[in-house]
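Structure file final_8.pdb (PDB, C-alpha atoms) is printed below.
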```pdb
MODEL        1
ATOM      1  CA  MET A   1     108.699 103.295  90.508  1.00  0.00           C
ATOM      2  CA  PRO A   2     105.133 102.073  89.862  1.00  0.00           C
ATOM      3  CA  ALA A   3     104.191 100.728  86.418  1.00  0.00           C
ATOM      4  CA  ILE A   4     101.195 103.054  86.128  1.00  0.00           C
ATOM      5  CA  ARG A   5     101.611 106.668  87.175  1.00  0.00           C
ATOM      6  CA  ASN A   6      99.153 109.513  86.995  1.00  0.00           C
ATOM      7  CA  GLN A   7      98.776 113.280  87.081  1.00  0.00           C
ATOM      8  CA  ILE A   8      95.401 113.310  88.796  1.00  0.00           C
ATOM      9  CA  ARG A   9      96.501 115.451  91.725  1.00  0.00           C
ATOM     10  CA  GLU A  10      97.920 118.171  89.458  1.00  0.00           C
ATOM     11  CA  LEU A  11      94.939 118.091  87.066  1.00  0.00           C
ATOM     12  CA  ARG A  12      92.526 118.167  89.983  1.00  0.00           C
ATOM     13  CA  ALA A  13      94.346 121.114  91.577  1.00  0.00           C
ATOM     14  CA  LEU A  14      94.179 123.054  88.273  1.00  0.00           C
ATOM     15  CA  ARG A  15      90.404 122.634  88.320  1.00  0.00           C
ATOM     16  CA  GLU A  16      90.175 123.399  92.063  1.00  0.00           C
ATOM     17  CA  MET A  17      88.387 120.108  92.559  1.00  0.00           C
ATOM     18  CA  THR A  18      88.519 118.267  95.895  1.00  0.00           C
ATOM     19  CA  GLN A  19      89.194 114.547  96.209  1.00  0.00           C
ATOM     20  CA  GLN A  20      85.623 114.070  97.424  1.00  0.00           C
ATOM     21  CA  GLU A  21      84.179 115.898  94.423  1.00  0.00           C
ATOM     22  CA  LEU A  22      86.223 113.790  92.004  1.00  0.00           C
ATOM     23  CA  ALA A  23      85.278 110.612  93.892  1.00  0.00           C
ATOM     24  CA  ASP A  24      81.568 111.487  93.774  1.00  0.00           C
ATOM     25  CA  ARG A  25      81.638 112.232  90.060  1.00  0.00           C
ATOM     26  CA  VAL A  26      83.601 109.091  89.195  1.00  0.00           C
ATOM     27  CA  GLY A  27      81.578 106.882  91.552  1.00  0.00           C
ATOM     28  CA  VAL A  28      84.351 105.690  93.861  1.00  0.00           C
ATOM     29  CA  THR A  29      85.251 106.407  97.483  1.00  0.00           C
ATOM     30  CA  ARG A  30      87.553 109.264  98.491  1.00  0.00           C
ATOM     31  CA  GLN A  31      89.968 106.656  99.849  1.00  0.00           C
ATOM     32  CA  THR A  32      90.245 105.154  96.358  1.00  0.00           C
ATOM     33  CA  VAL A  33      91.068 108.554  94.850  1.00  0.00           C
ATOM     34  CA  ILE A  34      93.760 108.995  97.522  1.00  0.00           C
ATOM     35  CA  ALA A  35      95.181 105.527  96.763  1.00  0.00           C
ATOM     36  CA  ILE A  36      95.252 106.273  93.005  1.00  0.00           C
ATOM     37  CA  GLU A  37      96.919 109.667  93.520  1.00  0.00           C
ATOM     38  CA  GLN A  38      99.581 108.053  95.703  1.00  0.00           C
ATOM     39  CA  ASP A  39     100.230 105.427  92.951  1.00  0.00           C
ATOM     40  CA  LYS A  40      99.268 102.677  95.386  1.00  0.00           C
ATOM     41  CA  TYR A  41      96.279 101.472  93.392  1.00  0.00           C
ATOM     42  CA  SER A  42      95.885 101.125  89.634  1.00  0.00           C
ATOM     43  CA  PRO A  43      92.217 101.600  88.734  1.00  0.00           C
ATOM     44  CA  SER A  44      90.273  99.528  86.229  1.00  0.00           C
ATOM     45  CA  LEU A  45      90.148 100.764  82.640  1.00  0.00           C
ATOM     46  CA  GLU A  46      86.550 101.881  83.155  1.00  0.00           C
ATOM     47  CA  THR A  47      87.417 103.979  86.214  1.00  0.00           C
ATOM     48  CA  ALA A  48      90.488 105.404  84.473  1.00  0.00           C
ATOM     49  CA  PHE A  49      88.316 106.562  81.545  1.00  0.00           C
ATOM     50  CA  LYS A  50      85.778 108.072  83.948  1.00  0.00           C
ATOM     51  CA  VAL A  51      88.540 110.000  85.758  1.00  0.00           C
ATOM     52  CA  ALA A  52      89.861 111.318  82.431  1.00  0.00           C
ATOM     53  CA  ILE A  53      86.367 112.340  81.317  1.00  0.00           C
ATOM     54  CA  VAL A  54      85.627 114.119  84.622  1.00  0.00           C
ATOM     55  CA  LEU A  55      88.973 115.947  84.450  1.00  0.00           C
ATOM     56  CA  GLY A  56      88.358 116.761  80.760  1.00  0.00           C
ATOM     57  CA  VAL A  57      91.635 115.372  79.416  1.00  0.00           C
ATOM     58  CA  PRO A  58      92.642 112.417  77.197  1.00  0.00           C
ATOM     59  CA  LEU A  59      93.375 109.197  79.071  1.00  0.00           C
ATOM     60  CA  ASP A  60      97.103 109.311  78.320  1.00  0.00           C
ATOM     61  CA  GLN A  61      97.370 112.764  79.846  1.00  0.00           C
ATOM     62  CA  CYS A  62      95.936 111.369  83.054  1.00  0.00           C
ATOM     63  CA  PHE A  63      97.659 107.977  83.229  1.00  0.00           C
ATOM     64  CA  GLN A  64     101.036 106.833  81.910  1.00  0.00           C
ATOM     65  CA  TYR A  65     102.389 103.303  81.666  1.00  0.00           C
ATOM     66  CA  ASP A  66     106.056 102.623  82.398  1.00  0.00           C
ATOM     67  CA  PRO A  67     107.006  99.074  81.298  1.00  0.00           C
ATOM     68  CA  ARG A  68     110.102  99.178  83.545  1.00  0.00           C
ATOM     69  CA  GLY A  69     108.020 100.013  86.603  1.00  0.00           C
ATOM     70  CA  LYS A  70     106.893  97.377  89.087  1.00  0.00           C
ATOM     71  CA  ARG A  71     103.287  96.349  89.610  1.00  0.00           C
TER      72      ARG A  71
ATOM     73  CA  MET B  72      97.441 113.611 104.011  1.00  0.00           C
ATOM     74  CA  ALA B  73      94.642 112.593 106.334  1.00  0.00           C
ATOM     75  CA  THR B  74      92.696 109.541 105.203  1.00  0.00           C
ATOM     76  CA  SER B  75      89.516 109.021 107.184  1.00  0.00           C
ATOM     77  CA  LEU B  76      88.056 105.535 107.331  1.00  0.00           C
ATOM     78  CA  SER B  77      85.650 104.445 104.611  1.00  0.00           C
ATOM     79  CA  TYR B  78      82.360 102.733 105.406  1.00  0.00           C
ATOM     80  CA  ARG B  79      83.790  99.284 104.560  1.00  0.00           C
ATOM     81  CA  GLU B  80      86.838  99.901 106.736  1.00  0.00           C
ATOM     82  CA  LYS B  81      84.741 100.931 109.751  1.00  0.00           C
ATOM     83  CA  SER B  82      82.593  97.871 109.172  1.00  0.00           C
ATOM     84  CA  LEU B  83      85.693  95.643 109.171  1.00  0.00           C
ATOM     85  CA  TYR B  84      87.008  97.108 112.438  1.00  0.00           C
ATOM     86  CA  ALA B  85      83.582  96.463 113.991  1.00  0.00           C
ATOM     87  CA  SER B  86      83.613  92.866 112.724  1.00  0.00           C
ATOM     88  CA  LEU B  87      87.096  92.273 114.120  1.00  0.00           C
ATOM     89  CA  ALA B  88      86.095  93.771 117.477  1.00  0.00           C
ATOM     90  CA  ALA B  89      82.972  91.577 117.627  1.00  0.00           C
ATOM     91  CA  GLU B  90      84.981  88.479 116.737  1.00  0.00           C
ATOM     92  CA  LEU B  91      87.624  89.165 119.390  1.00  0.00           C
ATOM     93  CA  ILE B  92      85.045  90.049 122.075  1.00  0.00           C
ATOM     94  CA  VAL B  93      82.990  86.892 121.499  1.00  0.00           C
ATOM     95  CA  TYR B  94      85.557  84.300 120.440  1.00  0.00           C
ATOM     96  CA  GLY B  95      88.430  85.469 122.656  1.00  0.00           C
ATOM     97  CA  PRO B  96      86.871  84.586 126.034  1.00  0.00           C
ATOM     98  CA  TYR B  97      85.433  81.342 124.639  1.00  0.00           C
ATOM     99  CA  PHE B  98      88.729  79.970 123.384  1.00  0.00           C
ATOM    100  CA  PHE B  99      91.013  81.365 126.080  1.00  0.00           C
ATOM    101  CA  LEU B 100      88.906  81.253 129.261  1.00  0.00           C
ATOM    102  CA  HIS B 101      86.516  78.325 128.956  1.00  0.00           C
ATOM    103  CA  ARG B 102      87.259  75.100 130.807  1.00  0.00           C
ATOM    104  CA  GLN B 103      84.839  72.652 129.220  1.00  0.00           C
ATOM    105  CA  ASN B 104      83.487  72.157 125.694  1.00  0.00           C
ATOM    106  CA  SER B 105      79.739  72.113 125.257  1.00  0.00           C
ATOM    107  CA  VAL B 106      77.249  72.382 122.391  1.00  0.00           C
ATOM    108  CA  ASN B 107      75.334  75.046 124.333  1.00  0.00           C
ATOM    109  CA  LYS B 108      78.422  77.249 124.627  1.00  0.00           C
ATOM    110  CA  VAL B 109      79.116  77.023 120.890  1.00  0.00           C
ATOM    111  CA  ALA B 110      75.453  77.787 120.122  1.00  0.00           C
ATOM    112  CA  GLY B 111      75.567  80.718 122.578  1.00  0.00           C
ATOM    113  CA  MET B 112      78.694  82.029 120.914  1.00  0.00           C
ATOM    114  CA  ILE B 113      77.102  81.888 117.450  1.00  0.00           C
ATOM    115  CA  PHE B 114      74.029  83.699 118.791  1.00  0.00           C
ATOM    116  CA  ALA B 115      76.226  86.325 120.505  1.00  0.00           C
ATOM    117  CA  ILE B 116      78.304  87.054 117.380  1.00  0.00           C
ATOM    118  CA  ILE B 117      75.153  87.449 115.253  1.00  0.00           C
ATOM    119  CA  VAL B 118      73.520  89.857 117.728  1.00  0.00           C
ATOM    120  CA  LEU B 119      76.717  91.863 118.275  1.00  0.00           C
ATOM    121  CA  GLN B 120      77.387  92.134 114.527  1.00  0.00           C
ATOM    122  CA  ILE B 121      73.834  93.333 113.853  1.00  0.00           C
ATOM    123  CA  ILE B 122      74.119  96.001 116.567  1.00  0.00           C
ATOM    124  CA  LEU B 123      77.590  97.229 115.535  1.00  0.00           C
ATOM    125  CA  GLN B 124      76.874  97.226 111.783  1.00  0.00           C
ATOM    126  CA  SER B 125      73.583  99.068 112.349  1.00  0.00           C
ATOM    127  CA  VAL B 126      75.352 101.759 114.398  1.00  0.00           C
ATOM    128  CA  ILE B 127      78.077 102.175 111.743  1.00  0.00           C
ATOM    129  CA  ALA B 128      75.514 102.345 108.933  1.00  0.00           C
ATOM    130  CA  ALA B 129      73.557 104.962 110.893  1.00  0.00           C
ATOM    131  CA  VAL B 130      76.551 107.222 111.585  1.00  0.00           C
ATOM    132  CA  THR B 131      78.197 106.915 108.153  1.00  0.00           C
ATOM    133  CA  ARG B 132      76.790 109.320 105.583  1.00  0.00           C
ATOM    134  CA  ASN B 133      78.611 108.009 102.504  1.00  0.00           C
ATOM    135  CA  ARG B 134      78.112 104.241 102.264  1.00  0.00           C
ATOM    136  CA  ILE B 135      79.221 103.581  98.682  1.00  0.00           C
ATOM    137  CA  THR B 136      81.572 100.745  97.854  1.00  0.00           C
ATOM    138  CA  ASP B 137      83.695 100.546  94.717  1.00  0.00           C
ATOM    139  CA  GLU B 138      86.034  98.284  92.731  1.00  0.00           C
ATOM    140  CA  ARG B 139      88.860  98.676  95.261  1.00  0.00           C
ATOM    141  CA  ASP B 140      86.564  97.527  98.076  1.00  0.00           C
ATOM    142  CA  ARG B 141      85.626  94.457  96.047  1.00  0.00           C
ATOM    143  CA  LEU B 142      89.283  93.698  95.272  1.00  0.00           C
ATOM    144  CA  ILE B 143      90.227  93.958  98.952  1.00  0.00           C
ATOM    145  CA  GLU B 144      87.254  91.771  99.873  1.00  0.00           C
ATOM    146  CA  LEU B 145      88.477  89.089  97.451  1.00  0.00           C
ATOM    147  CA  ARG B 146      91.981  89.259  98.929  1.00  0.00           C
ATOM    148  CA  GLY B 147      90.513  88.706 102.377  1.00  0.00           C
ATOM    149  CA  TYR B 148      88.487  85.712 101.228  1.00  0.00           C
ATOM    150  CA  ARG B 149      91.558  84.203  99.544  1.00  0.00           C
ATOM    151  CA  ALA B 150      93.569  84.561 102.770  1.00  0.00           C
ATOM    152  CA  GLY B 151      90.697  83.075 104.786  1.00  0.00           C
ATOM    153  CA  TYR B 152      90.317  80.168 102.356  1.00  0.00           C
ATOM    154  CA  LEU B 153      94.045  79.346 102.422  1.00  0.00           C
ATOM    155  CA  THR B 154      93.980  79.517 106.235  1.00  0.00           C
ATOM    156  CA  ILE B 155      91.046  77.151 106.652  1.00  0.00           C
ATOM    157  CA  VAL B 156      92.384  74.682 104.077  1.00  0.00           C
ATOM    158  CA  SER B 157      95.797  74.648 105.817  1.00  0.00           C
ATOM    159  CA  LEU B 158      94.200  74.183 109.243  1.00  0.00           C
ATOM    160  CA  MET B 159      91.905  71.428 107.940  1.00  0.00           C
ATOM    161  CA  VAL B 160      94.850  69.521 106.460  1.00  0.00           C
ATOM    162  CA  LEU B 161      96.763  69.960 109.723  1.00  0.00           C
ATOM    163  CA  GLY B 162      93.731  68.917 111.806  1.00  0.00           C
ATOM    164  CA  LEU B 163      92.982  65.843 109.703  1.00  0.00           C
ATOM    165  CA  GLY B 164      96.659  64.887 109.802  1.00  0.00           C
ATOM    166  CA  MET B 165      96.658  65.140 113.601  1.00  0.00           C
ATOM    167  CA  LEU B 166      93.411  63.152 113.803  1.00  0.00           C
ATOM    168  CA  TRP B 167      94.930  60.418 111.636  1.00  0.00           C
ATOM    169  CA  PHE B 168      98.083  60.460 113.775  1.00  0.00           C
ATOM    170  CA  HIS B 169      96.162  60.129 117.053  1.00  0.00           C
ATOM    171  CA  LEU B 170      93.995  57.352 115.630  1.00  0.00           C
ATOM    172  CA  ALA B 171      97.065  55.566 114.298  1.00  0.00           C
ATOM    173  CA  ILE B 172      98.737  55.512 117.698  1.00  0.00           C
ATOM    174  CA  GLY B 173      95.433  54.661 119.422  1.00  0.00           C
ATOM    175  CA  ARG B 174      95.262  57.710 121.692  1.00  0.00           C
ATOM    176  CA  PHE B 175      91.440  57.922 121.725  1.00  0.00           C
ATOM    177  CA  GLN B 176      88.212  56.288 120.607  1.00  0.00           C
ATOM    178  CA  LEU B 177      86.017  58.199 118.149  1.00  0.00           C
ATOM    179  CA  ASP B 178      82.738  56.984 119.708  1.00  0.00           C
ATOM    180  CA  SER B 179      83.308  58.987 122.861  1.00  0.00           C
ATOM    181  CA  ARG B 180      80.996  62.033 123.362  1.00  0.00           C
ATOM    182  CA  ARG B 181      83.867  63.991 124.830  1.00  0.00           C
ATOM    183  CA  VAL B 182      85.971  63.508 121.701  1.00  0.00           C
ATOM    184  CA  GLY B 183      83.005  64.653 119.576  1.00  0.00           C
ATOM    185  CA  LEU B 184      82.747  67.884 121.565  1.00  0.00           C
ATOM    186  CA  HIS B 185      86.491  68.313 121.372  1.00  0.00           C
ATOM    187  CA  PHE B 186      86.370  68.151 117.581  1.00  0.00           C
ATOM    188  CA  LEU B 187      83.375  70.482 117.485  1.00  0.00           C
ATOM    189  CA  SER B 188      85.504  73.012 119.344  1.00  0.00           C
ATOM    190  CA  VAL B 189      88.605  72.383 117.225  1.00  0.00           C
ATOM    191  CA  PHE B 190      86.822  72.706 113.884  1.00  0.00           C
ATOM    192  CA  PHE B 191      84.850  75.717 115.079  1.00  0.00           C
ATOM    193  CA  GLY B 192      88.171  77.207 116.176  1.00  0.00           C
ATOM    194  CA  MET B 193      89.509  76.705 112.639  1.00  0.00           C
ATOM    195  CA  LEU B 194      86.532  78.592 111.221  1.00  0.00           C
ATOM    196  CA  VAL B 195      87.098  81.409 113.713  1.00  0.00           C
ATOM    197  CA  VAL B 196      90.826  81.678 112.910  1.00  0.00           C
ATOM    198  CA  ALA B 197      90.043  81.734 109.165  1.00  0.00           C
ATOM    199  CA  ASP B 198      87.391  84.415 109.672  1.00  0.00           C
ATOM    200  CA  ILE B 199      89.711  86.587 111.762  1.00  0.00           C
ATOM    201  CA  THR B 200      92.476  86.102 109.160  1.00  0.00           C
ATOM    202  CA  LYS B 201      90.071  87.231 106.429  1.00  0.00           C
ATOM    203  CA  THR B 202      89.048  90.355 108.352  1.00  0.00           C
ATOM    204  CA  ALA B 203      92.615  91.216 109.428  1.00  0.00           C
ATOM    205  CA  THR B 204      93.901  90.791 105.844  1.00  0.00           C
ATOM    206  CA  GLN B 205      91.266  93.202 104.582  1.00  0.00           C
ATOM    207  CA  ILE B 206      92.123  95.771 107.282  1.00  0.00           C
ATOM    208  CA  VAL B 207      95.840  95.539 106.446  1.00  0.00           C
ATOM    209  CA  ALA B 208      95.037  95.957 102.729  1.00  0.00           C
ATOM    210  CA  TYR B 209      93.043  99.106 103.496  1.00  0.00           C
ATOM    211  CA  ARG B 210      95.832 100.497 105.725  1.00  0.00           C
ATOM    212  CA  ARG B 211      98.428  99.883 103.001  1.00  0.00           C
ATOM    213  CA  ALA B 212      96.050 101.557 100.502  1.00  0.00           C
ATOM    214  CA  LEU B 213      95.645  98.107  98.936  1.00  0.00           C
TER     215      LEU B 213
ENDMDL
END
```
What would the structure in this file look like if it were written as structure tokens?
Amino acid sequence: MPAIRNQIRELRALREMTQQELADRVGVTRQTVIAIEQDKYSPSLETAFKVAIVLGVPLDQCFQYDPRGKR
Amino acid sequence: MATSLSYREKSLYASLAAELIVYGPYFFLHRQNSVNKVAGMIFAIIVLQIILQSVIAAVTRNRITDERDRLIELRGYRAGYLTIVSLMVLGLGMLWFHLAIGRFQLDSRRVGLHFLSVFFGMLVVADITKTATQIVAYRRAL
């Protein structure tokens, strides 16, 4: 179980937003969005805030930290 | 889920291909060391890289790079640095060993060319390690 998990895929689907659209608005590549959604990459705090702002939700609704998870 | 290659990833595959095309024949097929061959190889890798990177830049619409690209780049450089330091220590140890047992004289031109090839080979191995590490990091998502 990863230490940082996220609900980006679900939140993105609710807004009918593609990975490319989210990537363009956040300023990252589509491959990075895919890696974040698959919990393979934990973004920087700045990128995490940008994702939350683009999706229109508080940061903790987008990302959750599990102290028992592995980095 | 399909994950097409990013601009940086395509660029890395091109770099690896160029390195293998140019360095492979030199290190595996050549019979004699020479300064001209090393100079020719450096010229060839520069020309090939310019051509391949130009083609990739021309055919790739989205050329942005982000924090993950920079992180992967740093990982590659760390792997390359550790490789070259390890090879240098090994090479200097072998040089000391051969000098200690009196296997060759350092004033010989042939030995100079031999070391040119050996140390250039270390640079090449470190460079390929750097590129391969970055490709693996991209394939594993990081």
- prompt: What is the CA of Leu59 (chain A)-CA of Arg211 (chain B) distance in Å, reported with one decimal?
  reply: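 Between CA of Leu59 (chain A) and CA of Arg211 (chain B) the gap works out to 26.2 Å.
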query: Need the neighbours of (94.3, 102.7, 84.0): which residues are at most 10 Å away, counting only C-alpha atoms, as a VMD selection string?
result: chain A and resid 4 to 6 36 41 to 49 51 to 52 59 to 60 62 to 65
- prompt: Which one of B:Ser77, B:Thr154, B:Asn133, B:Gln205 sits closest to Gly192 (chain B) if you count only C-alpha atoms?
  reply: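 Ranking B:Ser77, B:Thr154, B:Asn133, B:Gln205 by distance to Gly192 (chain B), first place goes to B:Thr154.
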task: Report the residues retrieved by the PyMOL selection byres ((chain B) within 9 of (chain A)) from the displayed file, expressed as a PyMOL selection string.
output: chain B and resi 72+74-77+133-140+209+211-213
Convert the current residue selection to file output with C-alpha atoms, as a short mmCIF file (atom, residue, chain, number, x, y, z; two decimals), in the frame of the given file.
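So part_33.cif came out as:
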```
data_model
loop_
_atom_site.label_atom_id
_atom_site.label_comp_id
_atom_site.auth_asym_id
_atom_site.auth_seq_id
_atom_site.Cartn_x
_atom_site.Cartn_y
_atom_site.Cartn_z
CA MET B 72 97.44 113.61 104.01
CA THR B 74 92.70 109.54 105.20
CA SER B 75 89.52 109.02 107.18
CA LEU B 76 88.06 105.54 107.33
CA SER B 77 85.65 104.44 104.61
CA ASN B 133 78.61 108.01 102.50
CA ARG B 134 78.11 104.24 102.26
CA ILE B 135 79.22 103.58 98.68
CA THR B 136 81.57 100.74 97.85
CA ASP B 137 83.70 100.55 94.72
CA GLU B 138 86.03 98.28 92.73
CA ARG B 139 88.86 98.68 95.26
CA ASP B 140 86.56 97.53 98.08
CA TYR B 209 93.04 99.11 103.50
CA ARG B 211 98.43 99.88 103.00
CA ALA B 212 96.05 101.56 100.50
CA LEU B 213 95.64 98.11 98.94
#
```
message: For a test of reading the model, state the distance in Å between CA of Leu194 (chain B) and CA of Met159 (chain B), rounded to one decimal.
response: 9.5 Å
- prompt: At what distance in Å, to one decimal, does CA of Gly183 (chain B) lie from CA of Val109 (chain B)?
  reply: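 Interatomic distance here is 13.0 Å.
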task: With a distance cut-off of 8 Å and all atoms listed in the file, select the neighbouring residues of Ile199 (chain B), excluding the residue or stretch itself and same-chain residues fewer than 6 positions from it, and output the selection as a VMD selection string.
output: chain B and resid 87 90 151
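For Ala197 (chain B), the residues within 10 Å (counting all atoms listed in the file, excluding itself and residues fewer than 4 positions away along the chain) are B:Gly147, B:Tyr148, B:Ala150, B:Gly151, B:Tyr152, B:Leu153, B:Thr154, B:Ile155, B:Val156, B:Ser157, B:Leu158, B:Phe191, B:Gly192, B:Met193, B:Lys201, B:Thr202, B:Ala203.
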For the file shown, report as a compact mmCIF listing (two decimals) with C-alpha atoms, in the coordinates of the input the outcome of the PyMOL selection byres ((chain A and resi 11) around 10) at residue level.
```
# COMPACT_ATOMS: atom_id res chain seq x y z
CA ASN A 6 99.15 109.51 87.00
CA GLN A 7 98.78 113.28 87.08
CA ILE A 8 95.40 113.31 88.80
CA ARG A 9 96.50 115.45 91.72
CA GLU A 10 97.92 118.17 89.46
CA ARG A 12 92.53 118.17 89.98
CA ALA A 13 94.35 121.11 91.58
CA LEU A 14 94.18 123.05 88.27
CA ARG A 15 90.40 122.63 88.32
CA GLU A 16 90.18 123.40 92.06
CA MET A 17 88.39 120.11 92.56
CA ALA A 52 89.86 111.32 82.43
CA LEU A 55 88.97 115.95 84.45
CA GLY A 56 88.36 116.76 80.76
CA VAL A 57 91.64 115.37 79.42
CA GLN A 61 97.37 112.76 79.85
CA CYS A 62 95.94 111.37 83.05
```
For region 111-113 of chain B: contacts at 12 Å, only C-alpha atoms, fewer than 3 positions along chain excluded, given as a list in words: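 Counting only the stated atoms, we get Ala89, Glu90, Leu91, Ile92, Val93, Tyr94, Gly95, Pro96, Tyr97, Phe98, His101, Asn104, Ser105, Val106, Asn107, Lys108, Ile116, Ile117, Val118, Leu119, Gln120, Ser188, Phe191, Gly192, Leu194 and Val195 of chain B.
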field: Near-Lys70 (chain A) list (9 Å; all atoms listed in the file; drop same-chain fewer than 4 positions) as a PyMOL selection string
entry: chain A and resi 1-4+66
Your completed region 12-31 of chain A with N, CA and C atoms, as a compact mmCIF listing (two decimals), in the coordinates of the input:
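Once written, rebuild-v3.txt looks like this:
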```
# COMPACT_ATOMS: atom_id res chain seq x y z
N ARG A 12 93.61 117.84 89.06
CA ARG A 12 92.53 118.17 89.98
C ARG A 12 92.75 119.55 90.60
N ALA A 13 94.01 119.83 90.97
CA ALA A 13 94.35 121.11 91.58
C ALA A 13 94.09 122.26 90.59
N LEU A 14 94.41 122.01 89.30
CA LEU A 14 94.18 123.05 88.27
C LEU A 14 92.69 123.41 88.18
N ARG A 15 91.85 122.41 88.42
CA ARG A 15 90.40 122.63 88.32
C ARG A 15 89.77 122.97 89.68
N GLU A 16 90.62 123.10 90.69
CA GLU A 16 90.18 123.40 92.06
C GLU A 16 89.09 122.42 92.52
N MET A 17 89.35 121.15 92.23
CA MET A 17 88.39 120.11 92.56
C MET A 17 88.91 119.32 93.76
N THR A 18 88.07 119.05 94.73
CA THR A 18 88.52 118.27 95.90
C THR A 18 88.50 116.77 95.56
N GLN A 19 89.19 116.01 96.41
CA GLN A 19 89.19 114.55 96.21
C GLN A 19 87.77 114.00 96.31
N GLN A 20 86.99 114.55 97.23
CA GLN A 20 85.62 114.07 97.42
C GLN A 20 84.76 114.35 96.20
N GLU A 21 84.95 115.55 95.62
CA GLU A 21 84.18 115.90 94.42
C GLU A 21 84.52 114.95 93.27
N LEU A 22 85.80 114.71 93.07
CA LEU A 22 86.22 113.79 92.00
C LEU A 22 85.67 112.39 92.27
N ALA A 23 85.78 111.95 93.53
CA ALA A 23 85.28 110.61 93.89
C ALA A 23 83.78 110.49 93.61
N ASP A 24 83.02 111.52 93.98
CA ASP A 24 81.57 111.49 93.77
C ASP A 24 81.22 111.43 92.29
N ARG A 25 81.96 112.18 91.49
CA ARG A 25 81.64 112.23 90.06
C ARG A 25 82.08 110.97 89.32
N VAL A 26 83.12 110.33 89.83
CA VAL A 26 83.60 109.09 89.20
C VAL A 26 82.82 107.87 89.72
N GLY A 27 82.32 107.99 90.95
CA GLY A 27 81.58 106.88 91.55
C GLY A 27 82.45 105.94 92.35
N VAL A 28 83.50 106.49 92.97
CA VAL A 28 84.35 105.69 93.86
C VAL A 28 84.43 106.41 95.22
N THR A 29 85.10 105.77 96.17
CA THR A 29 85.25 106.41 97.48
C THR A 29 86.44 107.38 97.45
N ARG A 30 86.43 108.30 98.42
CA ARG A 30 87.55 109.26 98.49
C ARG A 30 88.86 108.52 98.77
N GLN A 31 88.77 107.45 99.53
CA GLN A 31 89.97 106.66 99.85
C GLN A 31 90.59 106.05 98.58
```
